[in-house]
>>> print(open('final_20.cif').read())   # mmCIF, N, CA and C atoms
data_coords
loop_
_atom_site.group_PDB
_atom_site.id
_atom_site.type_symbol
_atom_site.label_atom_id
_atom_site.label_comp_id
_atom_site.auth_asym_id
_atom_site.auth_seq_id
_atom_site.Cartn_x
_atom_site.Cartn_y
_atom_site.Cartn_z
ATOM 1 N N MET A 22 0.835 -1.190 0.000
ATOM 2 C CA MET A 22 0.000 0.000 0.000
ATOM 3 C C MET A 22 0.876 1.248 0.000
ATOM 4 N N GLN A 23 0.521 2.210 -0.843
ATOM 5 C CA GLN A 23 1.308 3.435 -0.925
ATOM 6 C C GLN A 23 0.866 4.424 0.138
ATOM 7 N N THR A 24 1.834 5.137 0.671
ATOM 8 C CA THR A 24 1.513 6.230 1.576
ATOM 9 C C THR A 24 1.537 7.519 0.779
ATOM 10 N N SER A 25 1.063 8.585 1.364
ATOM 11 C CA SER A 25 1.035 9.867 0.649
ATOM 12 C C SER A 25 2.434 10.402 0.388
ATOM 13 N N ASN A 26 3.436 9.877 1.087
ATOM 14 C CA ASN A 26 4.812 10.340 0.898
ATOM 15 C C ASN A 26 5.518 9.661 -0.260
ATOM 16 N N GLN A 27 4.979 8.539 -0.740
ATOM 17 C CA GLN A 27 5.635 7.812 -1.820
ATOM 18 C C GLN A 27 5.290 8.424 -3.166
ATOM 19 N N VAL A 28 6.255 8.425 -4.058
ATOM 20 C CA VAL A 28 6.060 8.939 -5.409
ATOM 21 C C VAL A 28 5.565 7.797 -6.278
ATOM 22 N N GLN A 29 4.521 8.063 -7.034
ATOM 23 C CA GLN A 29 4.002 7.038 -7.933
ATOM 24 C C GLN A 29 4.949 6.906 -9.124
ATOM 25 N N THR A 30 5.338 5.679 -9.437
ATOM 26 C CA THR A 30 6.240 5.408 -10.543
ATOM 27 C C THR A 30 5.450 5.378 -11.844
ATOM 28 N N ILE A 31 5.985 6.036 -12.858
ATOM 29 C CA ILE A 31 5.354 6.036 -14.174
ATOM 30 C C ILE A 31 6.118 5.077 -15.055
ATOM 31 N N ASN A 32 5.393 4.188 -15.716
ATOM 32 C CA ASN A 32 6.016 3.242 -16.632
ATOM 33 C C ASN A 32 6.625 4.029 -17.790
ATOM 34 N N PRO A 33 7.894 3.780 -18.115
ATOM 35 C CA PRO A 33 8.524 4.530 -19.201
ATOM 36 C C PRO A 33 7.979 4.181 -20.587
ATOM 37 N N LEU A 34 7.263 3.060 -20.726
ATOM 38 C CA LEU A 34 6.647 2.683 -21.996
ATOM 39 C C LEU A 34 5.134 2.664 -21.811
ATOM 40 N N MET A 35 4.435 3.413 -22.650
ATOM 41 C CA MET A 35 2.999 3.588 -22.468
ATOM 42 C C MET A 35 2.221 3.069 -23.679
ATOM 43 N N PRO A 36 1.228 2.213 -23.454
ATOM 44 C CA PRO A 36 0.371 1.770 -24.547
ATOM 45 C C PRO A 36 -0.596 2.895 -24.934
ATOM 46 N N LEU A 37 -1.291 2.708 -26.035
ATOM 47 C CA LEU A 37 -2.186 3.748 -26.555
ATOM 48 C C LEU A 37 -3.198 4.221 -25.522
ATOM 49 N N ARG A 38 -3.778 3.305 -24.763
ATOM 50 C CA ARG A 38 -4.778 3.707 -23.766
ATOM 51 C C ARG A 38 -4.181 4.692 -22.757
ATOM 52 N N ALA A 39 -2.967 4.439 -22.310
ATOM 53 C CA ALA A 39 -2.303 5.347 -21.373
ATOM 54 C C ALA A 39 -1.954 6.667 -22.056
ATOM 55 N N VAL A 40 -1.577 6.600 -23.327
ATOM 56 C CA VAL A 40 -1.249 7.819 -24.090
ATOM 57 C C VAL A 40 -2.474 8.717 -24.207
ATOM 58 N N THR A 41 -3.610 8.138 -24.522
ATOM 59 C CA THR A 41 -4.822 8.954 -24.659
ATOM 60 C C THR A 41 -5.238 9.561 -23.321
ATOM 61 N N GLN A 42 -5.039 8.839 -22.235
ATOM 62 C CA GLN A 42 -5.352 9.388 -20.914
ATOM 63 C C GLN A 42 -4.366 10.486 -20.533
ATOM 64 N N PHE A 43 -3.090 10.276 -20.808
ATOM 65 C CA PHE A 43 -2.049 11.238 -20.447
ATOM 66 C C PHE A 43 -2.185 12.538 -21.231
ATOM 67 N N THR A 44 -2.508 12.429 -22.522
ATOM 68 C CA THR A 44 -2.565 13.607 -23.390
ATOM 69 C C THR A 44 -3.955 14.208 -23.524
ATOM 70 N N SER A 45 -4.983 13.473 -23.149
ATOM 71 C CA SER A 45 -6.390 13.867 -23.337
ATOM 72 C C SER A 45 -6.763 13.949 -24.809
ATOM 73 N N LEU A 46 -6.026 13.240 -25.653
ATOM 74 C CA LEU A 46 -6.338 13.177 -27.080
ATOM 75 C C LEU A 46 -7.035 11.853 -27.372
ATOM 76 N N SER A 47 -7.877 11.852 -28.383
ATOM 77 C CA SER A 47 -8.509 10.602 -28.796
ATOM 78 C C SER A 47 -7.516 9.766 -29.595
ATOM 79 N N ARG A 48 -7.855 8.508 -29.769
ATOM 80 C CA ARG A 48 -7.021 7.591 -30.562
ATOM 81 C C ARG A 48 -6.848 8.141 -31.981
ATOM 82 N N ALA A 49 -7.948 8.580 -32.573
ATOM 83 C CA ALA A 49 -7.904 9.106 -33.938
ATOM 84 C C ALA A 49 -7.003 10.337 -34.032
ATOM 85 N N THR A 50 -7.070 11.207 -33.037
ATOM 86 C CA THR A 50 -6.237 12.409 -33.045
ATOM 87 C C THR A 50 -4.767 12.062 -32.896
ATOM 88 N N VAL A 51 -4.448 11.105 -32.047
ATOM 89 C CA VAL A 51 -3.057 10.662 -31.889
ATOM 90 C C VAL A 51 -2.511 10.198 -33.233
ATOM 91 N N TYR A 52 -3.232 9.327 -33.915
ATOM 92 C CA TYR A 52 -2.749 8.799 -35.194
ATOM 93 C C TYR A 52 -2.740 9.865 -36.292
ATOM 94 N N ARG A 53 -3.698 10.783 -36.276
ATOM 95 C CA ARG A 53 -3.707 11.862 -37.270
ATOM 96 C C ARG A 53 -2.495 12.762 -37.069
ATOM 97 N N ARG A 54 -2.212 13.121 -35.827
ATOM 98 C CA ARG A 54 -1.062 13.992 -35.554
ATOM 99 C C ARG A 54 0.261 13.288 -35.847
ATOM 100 N N MET A 55 0.317 11.977 -35.622
ATOM 101 C CA MET A 55 1.524 11.223 -35.995
ATOM 102 C C MET A 55 1.735 11.314 -37.498
ATOM 103 N N LYS A 56 0.669 11.146 -38.255
ATOM 104 C CA LYS A 56 0.755 11.210 -39.724
ATOM 105 C C LYS A 56 1.217 12.595 -40.175
ATOM 106 N N GLU A 57 0.747 13.628 -39.480
ATOM 107 C CA GLU A 57 1.135 15.007 -39.797
ATOM 108 C C GLU A 57 2.565 15.316 -39.345
ATOM 109 N N GLY A 58 3.120 14.478 -38.472
ATOM 110 C CA GLY A 58 4.461 14.705 -37.957
ATOM 111 C C GLY A 58 4.493 15.586 -36.722
ATOM 112 N N SER A 59 3.329 15.806 -36.100
ATOM 113 C CA SER A 59 3.272 16.687 -34.931
ATOM 114 C C SER A 59 3.044 15.933 -33.621
ATOM 115 N N PHE A 60 3.324 14.640 -33.610
ATOM 116 C CA PHE A 60 3.178 13.825 -32.404
ATOM 117 C C PHE A 60 4.268 12.768 -32.422
ATOM 118 N N PRO A 61 4.801 12.423 -31.252
ATOM 119 C CA PRO A 61 5.885 11.419 -31.205
ATOM 120 C C PRO A 61 5.474 10.088 -31.838
ATOM 121 N N LYS A 62 6.414 9.476 -32.511
ATOM 122 C CA LYS A 62 6.189 8.159 -33.121
ATOM 123 C C LYS A 62 6.306 7.076 -32.048
ATOM 124 N N PRO A 63 5.530 6.013 -32.197
ATOM 125 C CA PRO A 63 5.618 4.917 -31.229
ATOM 126 C C PRO A 63 6.793 3.991 -31.546
ATOM 127 N N ILE A 64 7.061 3.092 -30.614
ATOM 128 C CA ILE A 64 8.065 2.051 -30.773
ATOM 129 C C ILE A 64 7.323 0.741 -30.955
ATOM 130 N N LYS A 65 7.637 0.009 -32.010
ATOM 131 C CA LYS A 65 6.993 -1.282 -32.253
ATOM 132 C C LYS A 65 7.698 -2.342 -31.416
ATOM 133 N N ILE A 66 6.948 -2.989 -30.516
ATOM 134 C CA ILE A 66 7.557 -4.004 -29.646
ATOM 135 C C ILE A 66 7.042 -5.407 -29.953
ATOM 136 N N GLY A 67 6.176 -5.516 -30.929
ATOM 137 C CA GLY A 67 5.647 -6.810 -31.331
ATOM 138 C C GLY A 67 4.910 -6.661 -32.642
ATOM 139 N N PRO A 68 4.428 -7.760 -33.203
ATOM 140 C CA PRO A 68 3.746 -7.685 -34.497
ATOM 141 C C PRO A 68 2.519 -6.777 -34.490
ATOM 142 N N ASN A 69 1.808 -6.742 -33.380
ATOM 143 C CA ASN A 69 0.598 -5.922 -33.278
ATOM 144 C C ASN A 69 0.614 -5.046 -32.036
ATOM 145 N N ARG A 70 1.793 -4.619 -31.630
ATOM 146 C CA ARG A 70 1.907 -3.876 -30.369
ATOM 147 C C ARG A 70 2.885 -2.726 -30.517
ATOM 148 N N VAL A 71 2.409 -1.522 -30.175
ATOM 149 C CA VAL A 71 3.269 -0.346 -30.145
ATOM 150 C C VAL A 71 3.122 0.329 -28.788
ATOM 151 N N VAL A 72 4.169 1.013 -28.388
ATOM 152 C CA VAL A 72 4.171 1.791 -27.148
ATOM 153 C C VAL A 72 4.897 3.102 -27.412
ATOM 154 N N TRP A 73 4.656 4.063 -26.559
ATOM 155 C CA TRP A 73 5.331 5.347 -26.634
ATOM 156 C C TRP A 73 6.208 5.499 -25.412
ATOM 157 N N ARG A 74 7.345 6.157 -25.590
ATOM 158 C CA ARG A 74 8.216 6.439 -24.452
ATOM 159 C C ARG A 74 7.634 7.619 -23.682
ATOM 160 N N PHE A 75 7.524 7.470 -22.362
ATOM 161 C CA PHE A 75 6.975 8.530 -21.533
ATOM 162 C C PHE A 75 7.733 9.832 -21.727
ATOM 163 N N GLU A 76 9.064 9.750 -21.791
ATOM 164 C CA GLU A 76 9.855 10.978 -21.918
ATOM 165 C C GLU A 76 9.558 11.722 -23.217
ATOM 166 N N ASP A 77 9.260 11.005 -24.307
ATOM 167 C CA ASP A 77 8.886 11.654 -25.573
ATOM 168 C C ASP A 77 7.551 12.379 -25.435
ATOM 169 N N LEU A 78 6.597 11.717 -24.783
ATOM 170 C CA LEU A 78 5.279 12.324 -24.591
ATOM 171 C C LEU A 78 5.347 13.516 -23.645
ATOM 172 N N ASP A 79 6.143 13.396 -22.599
ATOM 173 C CA ASP A 79 6.300 14.480 -21.639
ATOM 174 C C ASP A 79 6.927 15.700 -22.307
ATOM 175 N N ALA A 80 7.942 15.479 -23.145
ATOM 176 C CA ALA A 80 8.582 16.579 -23.872
ATOM 177 C C ALA A 80 7.595 17.213 -24.853
ATOM 178 N N TRP A 81 6.810 16.384 -25.546
ATOM 179 C CA TRP A 81 5.814 16.897 -26.489
ATOM 180 C C TRP A 81 4.796 17.766 -25.761
ATOM 181 N N LEU A 82 4.317 17.285 -24.611
ATOM 182 C CA LEU A 82 3.321 18.027 -23.843
ATOM 183 C C LEU A 82 3.906 19.344 -23.318
ATOM 184 N N SER A 83 5.146 19.307 -22.875
ATOM 185 C CA SER A 83 5.809 20.529 -22.414
ATOM 186 C C SER A 83 5.931 21.552 -23.541
ATOM 187 N N ASP A 84 6.249 21.097 -24.741
ATOM 188 C CA ASP A 84 6.326 21.985 -25.907
ATOM 189 C C ASP A 84 4.963 22.602 -26.211
ATOM 190 N N CYS A 85 3.915 21.782 -26.113
ATOM 191 C CA CYS A 85 2.553 22.285 -26.365
ATOM 192 C C CYS A 85 2.188 23.385 -25.376
ATOM 193 N N VAL A 86 2.520 23.182 -24.116
ATOM 194 C CA VAL A 86 2.217 24.166 -23.085
ATOM 195 C C VAL A 86 3.042 25.423 -23.305
ATOM 196 N N ALA A 87 4.300 25.268 -23.661
ATOM 197 C CA ALA A 87 5.177 26.423 -23.869
ATOM 198 C C ALA A 87 4.724 27.275 -25.045
ATOM 199 N N THR A 88 4.255 26.643 -26.113
ATOM 200 C CA THR A 88 3.825 27.399 -27.294
ATOM 201 C C THR A 88 2.428 27.982 -27.126
ATOM 202 N N ALA A 89 1.694 27.529 -26.124
ATOM 203 C CA ALA A 89 0.333 28.030 -25.892
ATOM 204 C C ALA A 89 0.331 29.393 -25.216
ATOM 205 N N HIS A 90 1.464 29.763 -24.621
ATOM 206 C CA HIS A 90 1.516 31.040 -23.905
ATOM 207 C C HIS A 90 2.029 32.146 -24.756
#
>>> encode(input="final_20.cif", output="structure tokens")
Amino acid sequence: MQTSNQVQTINPLMPLRAVTQFTSLSRATVYRRMKEGSFPKPIKIGPNRVVWRFEDLDAWLSDCVATAH
């Protein structure tokens, strides 16, 4: 059981469901922006499985926030 003092660990590899929750983007928007070149590309880890690196998504989100101001 975690206490309030413990830091929650974030998995460095995130599946699409976690990506959509983290970014608040829909699945369709994620893939559309990837096609446009404005979203990080995933890493293929199996024949039908891709994941995104948390650090890539975090950097992308930071850039979005920085350009919004």
>>> select_by_dssp(input="final_20.cif", residues="chain A", states="helix (DSSP H, G or I)", output="PyMOL selection string")
chain A and resi 37-44+48-57+75-89
>>> write_last_selection(input="final_20.cif", atoms="N, CA and C atoms", output="mmCIF file, in the frame of the given file")
data_model
loop_
_atom_site.group_PDB
_atom_site.id
_atom_site.type_symbol
_atom_site.label_atom_id
_atom_site.label_comp_id
_atom_site.auth_asym_id
_atom_site.auth_seq_id
_atom_site.Cartn_x
_atom_site.Cartn_y
_atom_site.Cartn_z
ATOM 1 N N LEU A 37 -1.291 2.708 -26.035
ATOM 2 C CA LEU A 37 -2.186 3.748 -26.555
ATOM 3 C C LEU A 37 -3.198 4.221 -25.522
ATOM 4 N N ARG A 38 -3.778 3.305 -24.763
ATOM 5 C CA ARG A 38 -4.778 3.707 -23.766
ATOM 6 C C ARG A 38 -4.181 4.692 -22.757
ATOM 7 N N ALA A 39 -2.967 4.439 -22.310
ATOM 8 C CA ALA A 39 -2.303 5.347 -21.373
ATOM 9 C C ALA A 39 -1.954 6.667 -22.056
ATOM 10 N N VAL A 40 -1.577 6.600 -23.327
ATOM 11 C CA VAL A 40 -1.249 7.819 -24.090
ATOM 12 C C VAL A 40 -2.474 8.717 -24.207
ATOM 13 N N THR A 41 -3.610 8.138 -24.522
ATOM 14 C CA THR A 41 -4.822 8.954 -24.659
ATOM 15 C C THR A 41 -5.238 9.561 -23.321
ATOM 16 N N GLN A 42 -5.039 8.839 -22.235
ATOM 17 C CA GLN A 42 -5.352 9.388 -20.914
ATOM 18 C C GLN A 42 -4.366 10.486 -20.533
ATOM 19 N N PHE A 43 -3.090 10.276 -20.808
ATOM 20 C CA PHE A 43 -2.049 11.238 -20.447
ATOM 21 C C PHE A 43 -2.185 12.538 -21.231
ATOM 22 N N THR A 44 -2.508 12.429 -22.522
ATOM 23 C CA THR A 44 -2.565 13.607 -23.390
ATOM 24 C C THR A 44 -3.955 14.208 -23.524
ATOM 25 N N ARG A 48 -7.855 8.508 -29.769
ATOM 26 C CA ARG A 48 -7.021 7.591 -30.562
ATOM 27 C C ARG A 48 -6.848 8.141 -31.981
ATOM 28 N N ALA A 49 -7.948 8.580 -32.573
ATOM 29 C CA ALA A 49 -7.904 9.106 -33.938
ATOM 30 C C ALA A 49 -7.003 10.337 -34.032
ATOM 31 N N THR A 50 -7.070 11.207 -33.037
ATOM 32 C CA THR A 50 -6.237 12.409 -33.045
ATOM 33 C C THR A 50 -4.767 12.062 -32.896
ATOM 34 N N VAL A 51 -4.448 11.105 -32.047
ATOM 35 C CA VAL A 51 -3.057 10.662 -31.889
ATOM 36 C C VAL A 51 -2.511 10.198 -33.233
ATOM 37 N N TYR A 52 -3.232 9.327 -33.915
ATOM 38 C CA TYR A 52 -2.749 8.799 -35.194
ATOM 39 C C TYR A 52 -2.740 9.865 -36.292
ATOM 40 N N ARG A 53 -3.698 10.783 -36.276
ATOM 41 C CA ARG A 53 -3.707 11.862 -37.270
ATOM 42 C C ARG A 53 -2.495 12.762 -37.069
ATOM 43 N N ARG A 54 -2.212 13.121 -35.827
ATOM 44 C CA ARG A 54 -1.062 13.992 -35.554
ATOM 45 C C ARG A 54 0.261 13.288 -35.847
ATOM 46 N N MET A 55 0.317 11.977 -35.622
ATOM 47 C CA MET A 55 1.524 11.223 -35.995
ATOM 48 C C MET A 55 1.735 11.314 -37.498
ATOM 49 N N LYS A 56 0.669 11.146 -38.255
ATOM 50 C CA LYS A 56 0.755 11.210 -39.724
ATOM 51 C C LYS A 56 1.217 12.595 -40.175
ATOM 52 N N GLU A 57 0.747 13.628 -39.480
ATOM 53 C CA GLU A 57 1.135 15.007 -39.797
ATOM 54 C C GLU A 57 2.565 15.316 -39.345
ATOM 55 N N PHE A 75 7.524 7.470 -22.362
ATOM 56 C CA PHE A 75 6.975 8.530 -21.533
ATOM 57 C C PHE A 75 7.733 9.832 -21.727
ATOM 58 N N GLU A 76 9.064 9.750 -21.791
ATOM 59 C CA GLU A 76 9.855 10.978 -21.918
ATOM 60 C C GLU A 76 9.558 11.722 -23.217
ATOM 61 N N ASP A 77 9.260 11.005 -24.307
ATOM 62 C CA ASP A 77 8.886 11.654 -25.573
ATOM 63 C C ASP A 77 7.551 12.379 -25.435
ATOM 64 N N LEU A 78 6.597 11.717 -24.783
ATOM 65 C CA LEU A 78 5.279 12.324 -24.591
ATOM 66 C C LEU A 78 5.347 13.516 -23.645
ATOM 67 N N ASP A 79 6.143 13.396 -22.599
ATOM 68 C CA ASP A 79 6.300 14.480 -21.639
ATOM 69 C C ASP A 79 6.927 15.700 -22.307
ATOM 70 N N ALA A 80 7.942 15.479 -23.145
ATOM 71 C CA ALA A 80 8.582 16.579 -23.872
ATOM 72 C C ALA A 80 7.595 17.213 -24.853
ATOM 73 N N TRP A 81 6.810 16.384 -25.546
ATOM 74 C CA TRP A 81 5.814 16.897 -26.489
ATOM 75 C C TRP A 81 4.796 17.766 -25.761
ATOM 76 N N LEU A 82 4.317 17.285 -24.611
ATOM 77 C CA LEU A 82 3.321 18.027 -23.843
ATOM 78 C C LEU A 82 3.906 19.344 -23.318
ATOM 79 N N SER A 83 5.146 19.307 -22.875
ATOM 80 C CA SER A 83 5.809 20.529 -22.414
ATOM 81 C C SER A 83 5.931 21.552 -23.541
ATOM 82 N N ASP A 84 6.249 21.097 -24.741
ATOM 83 C CA ASP A 84 6.326 21.985 -25.907
ATOM 84 C C ASP A 84 4.963 22.602 -26.211
ATOM 85 N N CYS A 85 3.915 21.782 -26.113
ATOM 86 C CA CYS A 85 2.553 22.285 -26.365
ATOM 87 C C CYS A 85 2.188 23.385 -25.376
ATOM 88 N N VAL A 86 2.520 23.182 -24.116
ATOM 89 C CA VAL A 86 2.217 24.166 -23.085
ATOM 90 C C VAL A 86 3.042 25.423 -23.305
ATOM 91 N N ALA A 87 4.300 25.268 -23.661
ATOM 92 C CA ALA A 87 5.177 26.423 -23.869
ATOM 93 C C ALA A 87 4.724 27.275 -25.045
ATOM 94 N N THR A 88 4.255 26.643 -26.113
ATOM 95 C CA THR A 88 3.825 27.399 -27.294
ATOM 96 C C THR A 88 2.428 27.982 -27.126
ATOM 97 N N ALA A 89 1.694 27.529 -26.124
ATOM 98 C CA ALA A 89 0.333 28.030 -25.892
ATOM 99 C C ALA A 89 0.331 29.393 -25.216
#
>>> atom_distance(input="final_20.cif", atom1="atom N of Thr44 in chain A", atom2="CA of Pro68 in chain A")
24.2 Å
>>> residues_around(input="final_20.cif", residues="Trp81 in chain A", least_positions_apart="5", cutoff="7 Å", atoms="all atoms listed in the file", output="JSON, numbers by chain")
{"A": [61, 76, 86]}
>>> atom_distance(input="final_20.cif", atom1="atom C of Tyr52 in chain A", atom2="atom C of His90 in chain A")
25.5 Å
>>> closest_residue(input="final_20.cif", among="A:Lys65, A:Val51, A:Val72, A:Gly58", to="Leu34 in chain A", atoms="only N, CA and C atoms")
A:Val72
>>> residues_around(input="final_20.cif", residues="Thr41 in chain A", least_positions_apart="2", cutoff="12 Å", atoms="only C-alpha atoms", output="PyMOL selection string")
chain A and resi 35-39+43-52+72-73+78
>>> atom_distance(input="final_20.cif", atom1="CA of Phe60 in chain A", atom2="CA of Asp79 in chain A")
11.2 Å
>>> select_by_dssp(input="final_20.cif", residues="chain A", states="strand (DSSP E or B)", output="ChimeraX atom specification")
/A:34-35,64-67,70-74
>>> closest_residue(input="final_20.cif", among="A:Val40, A:Ser83, A:Ala89, A:Glu57", to="Val71 in chain A", atoms="only C-alpha atoms")
A:Val40
